[in-house]
file start15.cif (mmCIF, C-alpha atoms and all ligand atoms)
data_model
#
loop_
_atom_site.label_atom_id
_atom_site.label_comp_id
_atom_site.auth_asym_id
_atom_site.auth_seq_id
_atom_site.Cartn_x
_atom_site.Cartn_y
_atom_site.Cartn_z
CA MET A 21 30.58 131.05 62.37
CA ASP A 22 30.67 127.67 60.73
CA PHE A 23 31.33 124.31 62.34
CA TYR A 24 34.95 123.86 61.20
CA ARG A 25 36.04 127.38 62.21
CA ILE A 26 34.63 126.81 65.69
CA LEU A 27 36.24 123.38 65.87
CA GLU A 28 39.63 124.90 65.07
CA LYS A 29 39.12 127.51 67.76
CA ALA A 30 38.09 124.81 70.24
CA GLU A 31 41.10 122.62 69.52
CA ALA A 32 43.40 125.60 70.02
CA GLY A 33 41.89 126.02 73.50
CA ASP A 34 40.19 129.39 72.84
CA PHE A 35 37.18 130.32 74.96
CA LEU A 36 33.89 129.05 73.48
CA GLU A 37 30.52 130.71 74.00
CA THR A 38 27.62 128.34 74.68
CA GLY A 39 26.22 129.09 71.20
CA GLU A 40 29.49 127.87 69.68
CA MET A 41 29.45 124.72 71.79
CA ALA A 42 25.91 124.06 70.54
CA VAL A 43 27.11 124.30 66.92
CA LEU A 44 29.72 121.62 67.66
CA LEU A 45 27.16 119.45 69.47
CA ASN A 46 24.94 119.72 66.40
CA ALA A 47 27.67 118.46 64.02
CA PRO A 48 25.95 118.79 60.61
CA ASP A 49 26.99 115.42 59.16
CA GLU A 50 29.03 112.31 59.82
CA ALA A 51 32.29 113.80 58.54
CA ALA A 52 31.90 116.77 60.87
CA GLN A 53 31.10 114.47 63.78
CA GLN A 54 34.22 112.40 63.08
CA ALA A 55 36.33 115.59 62.84
CA LEU A 56 34.95 116.58 66.26
CA PHE A 57 35.88 113.19 67.79
CA ASP A 58 39.35 113.33 66.21
CA ALA A 59 40.05 116.84 67.52
CA ALA A 60 38.92 115.87 71.03
CA TYR A 61 41.03 112.71 70.92
CA ARG A 62 44.10 114.73 69.89
CA VAL A 63 43.56 117.06 72.86
CA LYS A 64 42.99 114.08 75.19
CA SER A 65 46.17 112.38 73.89
CA GLU A 66 48.23 115.54 74.26
CA ILE A 67 47.04 116.37 77.79
CA CYS A 68 46.38 112.93 79.32
CA GLY A 69 48.46 110.71 77.02
CA ARG A 70 47.14 107.63 75.25
CA LYS A 71 46.43 106.22 78.66
CA VAL A 72 43.30 105.25 80.51
CA TYR A 73 42.86 105.43 84.27
CA LEU A 74 40.94 102.58 85.88
CA ARG A 75 38.61 102.59 88.87
CA GLY A 76 37.09 99.43 90.29
CA LEU A 77 33.37 100.12 90.71
CA ILE A 78 31.62 98.74 93.80
CA GLU A 79 27.85 99.29 93.86
CA PHE A 80 27.58 98.59 97.55
CA SER A 81 23.90 99.36 98.28
CA ASN A 82 20.77 99.94 96.23
CA ILE A 83 18.71 101.26 99.15
CA CYS A 84 17.65 104.78 98.30
CA THR A 85 15.56 107.43 100.03
CA ARG A 86 15.05 109.37 96.78
CA ASP A 87 12.45 108.94 94.10
CA CYS A 88 14.16 110.28 90.97
CA LEU A 89 11.75 109.72 88.08
CA TYR A 90 14.34 108.06 85.82
CA CYS A 91 16.21 105.78 88.19
CA GLY A 92 15.69 102.02 88.47
CA ILE A 93 16.62 101.95 92.17
CA ARG A 94 14.23 104.78 93.12
CA ARG A 95 12.50 104.33 96.45
CA SER A 96 9.08 103.50 94.97
CA ASN A 97 10.30 100.74 92.68
CA GLY A 98 8.94 97.71 94.54
CA LYS A 99 10.33 95.29 91.95
CA VAL A 100 13.92 95.73 93.13
CA SER A 101 15.25 93.41 95.75
CA ARG A 102 17.16 95.67 98.10
CA TYR A 103 20.64 94.95 99.45
CA THR A 104 23.54 96.50 101.28
CA MET A 105 26.78 94.59 101.05
CA GLU A 106 28.46 93.60 104.31
CA ILE A 107 31.46 95.79 105.16
CA ASP A 108 33.76 92.74 104.84
CA GLU A 109 32.41 92.04 101.37
CA ILE A 110 32.92 95.65 100.29
CA VAL A 111 36.48 95.67 101.61
CA ARG A 112 37.14 92.35 99.84
CA SER A 113 35.95 93.90 96.57
CA ALA A 114 38.25 96.89 97.13
CA ALA A 115 41.12 94.44 97.78
CA LEU A 116 40.30 92.70 94.51
CA ALA A 117 40.54 96.05 92.72
CA GLY A 118 43.95 96.52 94.38
CA GLN A 119 45.03 93.04 93.33
CA PHE A 120 43.91 93.78 89.77
CA GLY A 121 46.10 96.91 89.84
CA TYR A 122 43.18 99.28 89.31
CA GLY A 123 44.72 101.92 91.60
CA SER A 124 41.37 103.45 92.57
CA VAL A 125 37.89 102.37 93.57
CA VAL A 126 34.49 104.04 93.29
CA LEU A 127 32.00 103.26 96.04
CA GLN A 128 28.51 103.97 94.75
CA SER A 129 25.12 103.59 96.39
CA GLY A 130 21.62 104.91 96.63
CA GLU A 131 21.18 107.96 98.79
CA ARG A 132 20.89 107.77 102.59
CA SER A 133 21.89 110.27 105.24
CA ASP A 134 20.99 108.38 108.41
CA PRO A 135 23.73 108.08 111.05
CA GLY A 136 24.05 104.30 110.53
CA PHE A 137 24.87 104.82 106.85
CA VAL A 138 27.26 107.70 107.48
CA ASP A 139 29.12 105.62 110.08
CA MET A 140 29.20 102.60 107.80
CA VAL A 141 30.80 104.52 104.93
CA GLU A 142 33.35 105.98 107.32
CA GLU A 143 34.18 102.51 108.60
CA ILE A 144 34.58 101.18 105.03
CA LEU A 145 36.99 104.03 104.29
CA PHE A 146 39.09 103.27 107.37
CA ARG A 147 39.17 99.59 106.45
CA ILE A 148 40.23 100.30 102.85
CA LYS A 149 43.11 102.42 104.17
CA GLU A 150 44.38 99.39 106.09
CA LEU A 151 44.60 97.25 102.95
CA PRO A 152 48.05 96.48 101.57
CA TYR A 153 47.14 98.40 98.39
CA ASP A 154 47.47 102.12 97.79
CA LEU A 155 43.96 102.89 96.53
CA GLY A 156 42.44 106.24 95.61
CA VAL A 157 38.84 106.24 96.82
CA THR A 158 35.93 107.97 95.10
CA LEU A 159 32.51 108.15 96.70
CA SER A 160 29.21 108.51 94.86
CA CYS A 161 26.53 108.43 97.54
CA GLY A 162 24.50 111.55 96.85
CA GLU A 163 23.78 114.79 98.70
CA GLU A 164 25.07 114.97 102.26
CA SER A 165 25.75 117.63 104.90
CA MET A 166 29.10 119.40 105.14
CA GLU A 167 29.75 117.52 108.36
CA THR A 168 29.33 114.17 106.61
CA TYR A 169 31.46 115.18 103.62
CA LEU A 170 34.23 116.33 105.98
CA ARG A 171 34.08 113.09 107.96
CA TRP A 172 34.32 110.97 104.80
CA ARG A 173 37.11 113.14 103.43
CA LYS A 174 39.05 112.75 106.67
CA ALA A 175 38.44 108.99 106.67
CA GLY A 176 40.26 108.70 103.33
CA ALA A 177 37.95 109.45 100.38
CA LYS A 178 39.48 112.01 98.08
CA ARG A 179 37.05 112.16 95.17
CA TYR A 180 33.30 112.52 94.96
CA LEU A 181 30.92 112.16 92.05
CA LEU A 182 27.59 113.95 92.22
CA ARG A 183 25.83 114.47 88.93
CA ILE A 184 23.79 117.62 88.49
CA GLU A 185 21.78 115.45 86.00
CA SER A 186 20.87 118.59 84.02
CA ALA A 187 22.13 122.13 84.61
CA ASP A 188 18.84 123.41 83.23
CA GLU A 189 16.63 124.01 86.22
CA LYS A 190 13.40 123.27 84.32
CA ILE A 191 14.66 119.91 83.03
CA PHE A 192 16.06 119.10 86.47
CA GLN A 193 12.69 119.72 88.12
CA ALA A 194 10.85 117.75 85.41
CA ILE A 195 12.88 114.59 86.14
CA HIS A 196 12.78 114.86 89.94
CA PRO A 197 9.88 114.83 92.37
CA ALA A 198 8.81 118.10 93.98
CA GLY A 199 11.06 118.76 96.95
CA VAL A 200 14.29 117.70 95.24
CA LEU A 201 15.81 121.04 94.39
CA TYR A 202 18.33 121.99 91.74
CA GLN A 203 19.81 124.67 93.99
CA GLU A 204 20.37 122.12 96.74
CA ARG A 205 22.20 119.75 94.42
CA LYS A 206 24.38 122.61 93.22
CA ALA A 207 25.03 123.64 96.83
CA ALA A 208 26.11 120.06 97.60
CA LEU A 209 28.68 120.29 94.80
CA GLU A 210 29.94 123.52 96.32
CA ARG A 211 30.25 121.82 99.71
CA LEU A 212 32.28 119.03 98.13
CA LYS A 213 34.71 121.53 96.70
CA ALA A 214 34.92 123.36 100.02
CA ALA A 215 35.64 120.00 101.72
CA ASP A 216 38.61 119.65 99.32
CA PHE A 217 37.28 116.73 97.32
CA GLN A 218 38.35 116.22 93.75
CA THR A 219 34.86 117.00 92.58
CA GLY A 220 33.02 115.37 89.72
CA SER A 221 29.65 115.93 88.17
CA GLY A 222 27.81 115.20 84.97
CA VAL A 223 24.48 114.95 83.22
CA MET A 224 22.27 112.47 81.45
CA ILE A 225 22.12 112.95 77.72
CA GLY A 226 18.97 112.59 75.65
CA LEU A 227 16.49 113.58 78.36
CA PRO A 228 13.00 114.53 77.20
CA GLY A 229 12.98 118.10 75.91
CA GLN A 230 16.78 118.45 76.05
CA THR A 231 18.41 120.23 73.09
CA ALA A 232 22.01 120.92 72.04
CA GLU A 233 21.59 124.35 73.64
CA HIS A 234 20.77 122.73 76.98
CA LEU A 235 23.79 120.44 76.68
CA ALA A 236 26.01 123.41 75.84
CA LYS A 237 24.75 125.08 79.02
CA ASP A 238 25.66 121.90 80.92
CA ILE A 239 29.27 122.23 79.72
CA ALA A 240 29.27 125.92 80.65
CA PHE A 241 28.06 124.84 84.11
CA PHE A 242 30.99 122.37 84.42
CA ARG A 243 33.36 125.19 83.47
CA GLU A 244 31.84 127.70 85.92
CA MET A 245 31.91 125.16 88.75
CA ASP A 246 35.58 124.49 87.95
CA LEU A 247 35.03 120.72 88.19
CA ASP A 248 37.80 118.16 88.16
CA MET A 249 35.93 115.13 86.81
CA ILE A 250 33.02 114.55 84.49
CA GLY A 251 30.88 111.42 84.23
CA MET A 252 28.09 111.55 81.68
CA GLY A 253 26.09 109.03 79.78
CA PRO A 254 23.00 108.59 77.69
CA PHE A 255 19.66 108.55 79.48
CA LEU A 256 18.35 104.97 79.28
CA PRO A 257 14.63 104.53 79.89
CA GLN A 258 14.02 102.02 82.69
CA ALA A 259 10.72 100.21 82.32
CA ASP A 260 9.79 100.38 86.03
CA THR A 261 10.19 104.16 86.35
CA PRO A 262 7.76 106.99 85.52
CA LEU A 263 10.10 108.46 82.90
CA GLY A 264 10.76 105.05 81.36
CA VAL A 265 7.03 104.43 81.02
CA ARG A 266 6.31 107.87 79.57
CA TYR A 267 9.25 107.89 77.13
CA PRO A 268 9.99 104.33 76.00
CA ASP A 269 12.67 103.99 73.34
CA SER A 270 11.61 103.78 69.71
CA PRO A 271 13.92 102.04 67.20
CA GLY A 272 17.15 103.93 66.54
CA MET A 273 16.70 106.27 69.49
CA ALA A 274 19.29 104.61 71.70
CA GLN A 275 21.91 104.77 68.93
CA ARG A 276 21.19 108.45 68.35
CA ARG A 277 21.48 109.12 72.06
CA LEU A 278 24.80 107.28 72.15
CA GLU A 279 26.15 109.50 69.37
CA THR A 280 24.93 112.62 71.15
CA ALA A 281 26.66 111.40 74.31
CA LEU A 282 29.91 110.90 72.37
CA ARG A 283 29.67 114.42 70.91
CA MET A 284 29.05 115.71 74.44
CA ILE A 285 32.23 113.95 75.67
CA ALA A 286 34.18 115.45 72.76
CA VAL A 287 33.01 119.04 73.29
CA THR A 288 33.54 118.71 77.05
CA ARG A 289 37.16 117.60 76.44
CA LEU A 290 37.75 120.51 74.05
CA VAL A 291 36.35 123.05 76.50
CA LEU A 292 37.58 121.70 79.87
CA ARG A 293 40.94 120.27 78.65
CA ASP A 294 42.66 118.84 81.77
CA VAL A 295 39.75 117.15 83.59
CA ASN A 296 39.17 113.41 83.93
CA ILE A 297 36.23 112.26 81.81
CA ALA A 298 34.71 108.81 82.29
CA ALA A 299 33.58 106.56 79.48
CA THR A 300 30.59 105.31 81.45
CA THR A 301 28.81 101.98 81.61
CA ALA A 302 25.72 103.58 80.03
CA LEU A 303 27.68 103.91 76.75
CA GLN A 304 28.41 100.21 76.93
CA ALA A 305 24.73 99.47 77.60
CA ILE A 306 23.89 100.78 74.11
CA ASP A 307 26.98 99.45 72.33
CA PRO A 308 28.20 96.45 74.37
CA GLU A 309 31.18 95.73 72.09
CA ASN A 310 32.62 99.21 71.65
CA GLY A 311 30.67 101.77 73.71
CA ARG A 312 33.36 102.65 76.22
CA GLU A 313 36.14 102.44 73.63
CA ARG A 314 34.21 104.92 71.44
CA GLY A 315 34.00 107.13 74.53
CA ILE A 316 37.81 107.05 74.86
CA LEU A 317 38.23 107.85 71.16
CA ALA A 318 35.91 110.84 71.64
CA GLY A 319 38.07 112.22 74.47
CA ALA A 320 37.33 110.31 77.69
CA ASN A 321 40.26 108.98 79.78
CA VAL A 322 38.72 106.94 82.62
CA ILE A 323 36.96 103.56 82.71
CA MET A 324 35.27 102.06 85.75
CA PRO A 325 35.13 98.26 85.49
CA ASN A 326 32.89 96.52 88.00
CA VAL A 327 34.59 94.64 90.85
CA GLY A 328 31.54 93.95 92.99
CA ASP A 329 30.00 90.51 93.36
CA VAL A 330 28.26 89.27 90.20
CA SER A 331 25.23 88.18 92.24
CA ARG A 332 24.49 91.79 93.26
CA ARG A 333 24.61 93.33 89.81
CA LYS A 334 21.12 92.37 88.68
CA ASP A 335 19.71 94.34 91.62
CA TYR A 336 21.65 97.51 90.73
CA GLN A 337 19.94 98.08 87.42
CA LEU A 338 19.59 101.84 87.11
CA TYR A 339 18.40 101.21 83.56
CA ASN A 340 17.58 98.26 81.31
CA GLY A 341 20.32 96.56 79.32
CA LYS A 342 23.08 97.10 81.87
CA PRO A 343 26.13 95.24 80.53
CA SER A 344 28.39 92.65 82.19
CA LEU A 345 25.65 91.35 84.47
CA ASP A 346 26.99 87.81 84.38
CA GLU A 347 30.68 88.31 83.87
CA ASN A 348 33.05 87.99 86.78
CA SER A 349 35.52 90.78 87.49
CA ALA A 350 38.53 88.88 86.17
CA VAL A 351 36.86 88.33 82.80
CA ILE A 352 35.84 91.99 82.65
CA ARG A 353 39.48 92.95 83.32
CA GLU A 354 40.94 90.72 80.59
CA LYS A 355 38.44 91.93 78.00
CA LEU A 356 39.10 95.54 78.90
CA ILE A 357 42.87 95.22 78.53
CA ALA A 358 42.43 93.60 75.11
CA SER A 359 39.90 96.14 73.86
CA LEU A 360 42.05 99.08 74.97
CA ALA A 361 45.11 97.58 73.29
CA ALA A 362 43.06 97.28 70.10
CA ILE A 363 42.61 101.08 70.00
CA GLY A 364 46.23 101.80 70.95
CA GLU A 365 45.47 102.85 74.53
CA THR A 366 47.33 101.70 77.62
CA PRO A 367 45.54 101.06 80.90
CA CYS A 368 47.36 102.63 83.87
CA PHE A 369 47.88 100.06 86.58
CA ASN A 370 48.61 100.87 90.23
CA LEU A 371 48.06 104.59 89.81
CA HIS A 372 45.44 106.73 91.57
CA GLY A 373 44.99 108.66 88.34
CA ASP A 374 44.18 112.05 89.85
CA PRO A 375 42.69 114.62 87.50
CA LEU A 376 45.33 117.09 86.30
CA HIS A 377 42.78 119.83 86.74
CA TYR A 378 42.73 119.32 90.50
CA ARG A 379 46.50 119.57 90.64
CA ASN A 380 46.47 122.65 88.45
CA ARG A 381 43.77 124.45 90.45
CA SER A 382 44.87 123.45 93.97
CA GLY A 383 48.61 123.17 93.54
CA LYS A 384 48.48 119.75 95.31
N1 LIG X 401 22.72 108.15 94.72
C1 LIG X 401 23.88 108.75 94.16
C2 LIG X 401 23.54 110.04 93.45
O1 LIG X 401 22.37 110.37 93.36
O2 LIG X 401 24.46 110.74 93.03
C3 LIG X 401 24.65 107.82 93.25
C4 LIG X 401 23.94 106.71 92.58
S1 LIG X 401 22.93 107.21 91.20
C5 LIG X 401 22.05 105.74 90.88
C6 LIG X 401 24.14 107.33 89.90
C7 LIG X 401 23.72 107.94 88.59
O3 LIG X 401 22.98 107.00 87.82
C8 LIG X 401 22.82 109.14 88.65
O4 LIG X 401 23.55 110.29 88.93
C9 LIG X 401 22.18 109.13 87.25
O5 LIG X 401 22.80 110.07 86.39
C10 LIG X 401 22.43 107.71 86.73
N2 LIG X 401 21.17 107.09 86.28
C11 LIG X 401 20.14 106.72 87.04
N3 LIG X 401 19.13 106.27 86.26
C12 LIG X 401 19.53 106.37 84.97
C13 LIG X 401 18.93 106.07 83.71
N4 LIG X 401 17.69 105.62 83.62
N5 LIG X 401 19.66 106.30 82.59
C14 LIG X 401 20.91 106.77 82.69
N6 LIG X 401 21.54 107.07 83.84
C15 LIG X 401 20.85 106.88 84.97
#

call {"tool": "encode", "arguments": {"input": "start15.cif", "output": "structure tokens"}}
result
Amino acid sequence: MDFYRILEKAEAGDFLETGEMAVLLNAPDEAAQQALFDAAYRVKSEICGRKVYLRGLIEFSNICTRDCLYCGIRRSNGKVSRYTMEIDEIVRSAALAGQFGYGSVVLQSGERSDPGFVDMVEEILFRIKELPYDLGVTLSCGEESMETYLRWRKAGAKRYLLRIESADEKIFQAIHPAGVLYQERKAALERLKAADFQTGSGVMIGLPGQTAEHLAKDIAFFREMDLDMIGMGPFLPQADTPLGVRYPDSPGMAQRRLETALRMIAVTRLVLRDVNIAATTALQAIDPENGRERGILAGANVIMPNVGDVSRRKDYQLYNGKPSLDENSAVIREKLIASLAAIGETPCFNLHGDPLHYRNRSGK
């Protein structure tokens, strides 16, 4: 079947086989790619409105026990100066998000499972609940036990982001050290759902050896796992990591990866329909002026502006070229409002912005 027939089927909401998704991901030319973005944006506008949900992002610690081969804050990267924000500082950042009207915050960190860390996150959640702002809280702290997930859920977090990174087991193993297991990451996602989190996952796009067929399988994985939220972005080689050293960018590669990431957002919107999809910072790293806006126009409906302290941001460099390193949160906010207005989108202030999919699947 040809590209446009499949695109029509996708826009109508018919079931797509992975082979059909791969045809869309391989849009044959620029006109086809634009038609794909337009169809996904129509579906996004119809289901989510021409509205964007906001989450204030707080990268509260870069201490990590893992050694993922792509990640700038991996345990073995001795060039990073390590930090964990004080609880008061984290709560102040959450309050700033509330003051800005962001409606939700994302607390992200490296991965730790020691009791001190688990207690600290719980304490932060209790403290955020006491703020005079009604904030939805998302956690993104990695793989934890069921007990920990349940404690954090009870303490007030209602969403959790845990990327599968690649749903292809071979690619997953190639980008992680031995001992980090695909099946364990998948099991952690299942625990999150069982703990009644609004559950999000995603992949990196443009990994070595990854084809459109792999990416189509990633979308099929999202569908099978019945996820509520998707956060994906281009893989960005980080110079101090094994993968960054082995696969440095050649000219034009980053732009191609950005376009692949946008096609991935579009096909994901067409297939999953009512989920929240983030236009991630990694898009902005490649196209600082319009990356996230292009993500919205390809079907995403969530943006996560940074609200943490500017001084910390240089130490939370998962990849090179991370944007907004010097801008304070108020400037980021003003620029975002203006750039969304320029594409006819309205930021939603003072709303949690729950994914419709969660409501539809859970009845809550
Ligand atoms: N530790 C938590 C976890 O593992 O889920 C959350 C923090 S982790 C740094 C957040 C995400 O950053 C990862 O899931 C990964 O997809 C992304 N990331 C890390 N290094 C990257 C790179 N070089 N390029 C693009 N994304 C990267």

call {"tool": "residues_near_ligand", "arguments": {"input": "start15.cif", "ligand": "ligand LIG 401 (chain X)", "cutoff": "6 Å", "atoms": "all atoms listed in the file", "output": "ChimeraX atom specification"}}
result
/A:90-92,128-131,160-162,182-183,185,224,254-258,338-339

call {"tool": "closest_residue", "arguments": {"input": "start15.cif", "among": "A:Leu356, A:Leu371, A:Ala177, A:Met41", "to": "Tyr153 of chain A", "atoms": "all atoms listed in the file"}}
result
A:Leu371

call {"tool": "atom_distance", "arguments": {"input": "start15.cif", "atom1": "atom CA of Phe192 of chain A", "atom2": "atom CA of Arg266 of chain A"}}
result
16.4 Å

call {"tool": "closest_residue", "arguments": {"input": "start15.cif", "among": "A:His196, A:Ile78, A:Tyr122, A:Met166", "to": "Thr261 of chain A", "atoms": "only C-alpha atoms"}}
result
A:His196

call {"tool": "closest_atom_pairs", "arguments": {"input": "start15.cif", "of": "segment 43-108 of chain A", "to": "segment 322-334 of chain A", "cutoff": "12 Å", "atoms": "all atoms listed in the file", "output": "Markdown table"}}
result
| residue | atom | partner | partner_atom | distance |
| --- | --- | --- | --- | --- |
| A:Lys64 | CA | A:Val322 | CA | 11.2 |
| A:Cys68 | CA | A:Val322 | CA | 10.3 |
| A:Gly69 | CA | A:Val322 | CA | 11.9 |
| A:Arg70 | CA | A:Val322 | CA | 11.2 |
| A:Lys71 | CA | A:Val322 | CA | 8.7 |
| A:Val72 | CA | A:Val322 | CA | 5.3 |
| A:Tyr73 | CA | A:Val322 | CA | 4.7 |
| A:Leu74 | CA | A:Ile323 | CA | 5.2 |
| A:Arg75 | CA | A:Met324 | CA | 4.6 |
| A:Gly76 | CA | A:Pro325 | CA | 5.3 |
| A:Leu77 | CA | A:Asn326 | CA | 4.5 |
| A:Ile78 | CA | A:Gly328 | CA | 4.9 |
| A:Glu79 | CA | A:Gly328 | CA | 6.5 |
| A:Phe80 | CA | A:Gly328 | CA | 7.6 |
| A:Ser81 | CA | A:Arg332 | CA | 9.1 |
| A:Asn82 | CA | A:Arg332 | CA | 9.4 |
| A:Gly92 | CA | A:Lys334 | CA | 11.1 |
| A:Ile93 | CA | A:Lys334 | CA | 11.1 |
| A:Lys99 | CA | A:Lys334 | CA | 11.6 |
| A:Val100 | CA | A:Lys334 | CA | 9.1 |
| A:Ser101 | CA | A:Lys334 | CA | 9.2 |
| A:Arg102 | CA | A:Arg332 | CA | 9.6 |
| A:Tyr103 | CA | A:Arg332 | CA | 7.9 |
| A:Thr104 | CA | A:Arg332 | CA | 9.3 |
| A:Met105 | CA | A:Arg332 | CA | 8.6 |
| A:Glu106 | CA | A:Asp329 | CA | 11.5 |

call {"tool": "atom_distance", "arguments": {"input": "start15.cif", "atom1": "atom CA of Ile316 of chain A", "atom2": "atom CA of Tyr61 of chain A"}}
result
7.6 Å

call {"tool": "residues_around", "arguments": {"input": "start15.cif", "residues": "Arg277 of chain A", "least_positions_apart": "3", "cutoff": "12 Å", "atoms": "all atoms listed in the file", "output": "ChimeraX atom specification"}}
result
/A:224-228,230-232,252-257,269-274,280-284,302-303,305-307,311

call {"tool": "atom_distance", "arguments": {"input": "start15.cif", "atom1": "atom CA of Met245 of chain A", "atom2": "atom CA of Leu56 of chain A"}}
result
24.3 Å

call {"tool": "closest_residue", "arguments": {"input": "start15.cif", "among": "A:Tyr378, A:Tyr180, A:Tyr336, A:Phe23", "to": "Ser221 of chain A", "atoms": "only C-alpha atoms"}}
result
A:Tyr180

call {"tool": "closest_residue", "arguments": {"input": "start15.cif", "among": "A:Leu151, A:Ala198, A:Ala114, A:Cys84", "to": "Phe137 of chain A", "atoms": "only C-alpha atoms"}}
result
A:Cys84

call {"tool": "residues_around", "arguments": {"input": "start15.cif", "residues": "segment 107-112 of chain A", "least_positions_apart": "4", "cutoff": "7 Å", "atoms": "only C-alpha atoms", "output": "ChimeraX atom specification"}}
result
/A:80,116,144,147-148

call {"tool": "closest_residue", "arguments": {"input": "start15.cif", "among": "A:Leu263, A:Val351, A:Leu201, A:Val295", "to": "Gly373 of chain A", "atoms": "all atoms listed in the file"}}
result
A:Val295

call {"tool": "closest_residue", "arguments": {"input": "start15.cif", "among": "A:Glu313, A:Asp154, A:Glu37, A:Glu279", "to": "Lys355 of chain A", "atoms": "all atoms listed in the file"}}
result
A:Glu313

call {"tool": "residues_around", "arguments": {"input": "start15.cif", "residues": "Trp172 of chain A", "least_positions_apart": "2", "cutoff": "9 Å", "atoms": "all atoms listed in the file", "output": "number ranges by chain"}}
result
A: 138, 141-142, 145, 159, 167-170, 174-178
